[in-house]
Amino acid sequence: MNGPYMGKMAALKQQQVNEFKLEEGRRLMEEKTSRMKVIYKDFQANLSRFAEQYRNEINRNTEFREKFNRLCLEMGVDPLVSRRTMWSGLGFGEFYNQLAQKVLDICNKHRSVNGGIMKITDIITYYNRNNREPISKYDVTAALQTMNKLGTGCSILRNEYVCTVPFSLSDDSQELMNVAEEVGYVSARVMQEKRRWEVDRFEAKIRVLVQEGLVWVDRQAGSDGPRYYFPSQINFN
């Protein structure tokens, strides 16, 4: 009798110990979560006060604005997500929403020239020439990423171009752009020398870009055949 009885008592005691450990673990986790919520709330309040204090500097200084936004994102706070957040009074979301629209307007003005693909550096130059507050590459990227959440259809190519047409560059198309940046143009001969492309491959890929209006053709350039230029790489400023 004593043997089975003692075994049951030991098992019951072990169960009680396990339940105690589980309950204690839950309690500690709840305390930790509660403390983290307080810390996070205090951090948001301090960050909001900092942003309000340096609002003009954030709006005026592109480097300061980029560092501030990166700090927010690293801490899990996105000041651009919604106008209805605690940041609504600071105008960050509104700033990037308006900037995105201005960037799209600039791209649309130049679409007949560049076919819908424009260098980010050209966008910045054009914007800064016509606006009092300067912007940076980070600003353009952040603004378009914010607007893309609404499904605008624009995209950023190779972190260098803004594309406002429903077109996706293939690896070969990007290779053509790379060589064009290096040489100034592409041709069947240039691609054969630079990338060892066969003529058929070049003609098939360049034909698509011509049809999309993304390249210009100069058939009188020289003895090596037609030369193709990406207007998005030409500085018209």
# chains A, B, ... in the order shown; residues from 1 in each chain; ligands from 1
$ residues_around --residues "Ala180 in chain A" --least-positions-apart "6" --cutoff "8 Å" --atoms "only C-alpha atoms" --output "count of residues only"
3
$ residues_around --residues "range 106-119 of chain A" --least-positions-apart "4" --cutoff "7 Å" --atoms "only C-alpha atoms" --output "ChimeraX atom specification"
/A:102,123,160-165,213-214,231-233
$ closest_residue --among "A:Val140, A:Ile206, A:Val199, A:Ile234" --to "Glu181 in chain A" --atoms "only C-alpha atoms"
A:Ile234
$ atom_distance --atom1 "CA of Thr121 in chain A" --atom2 "CA of Gln98 in chain A"
18.6 Å
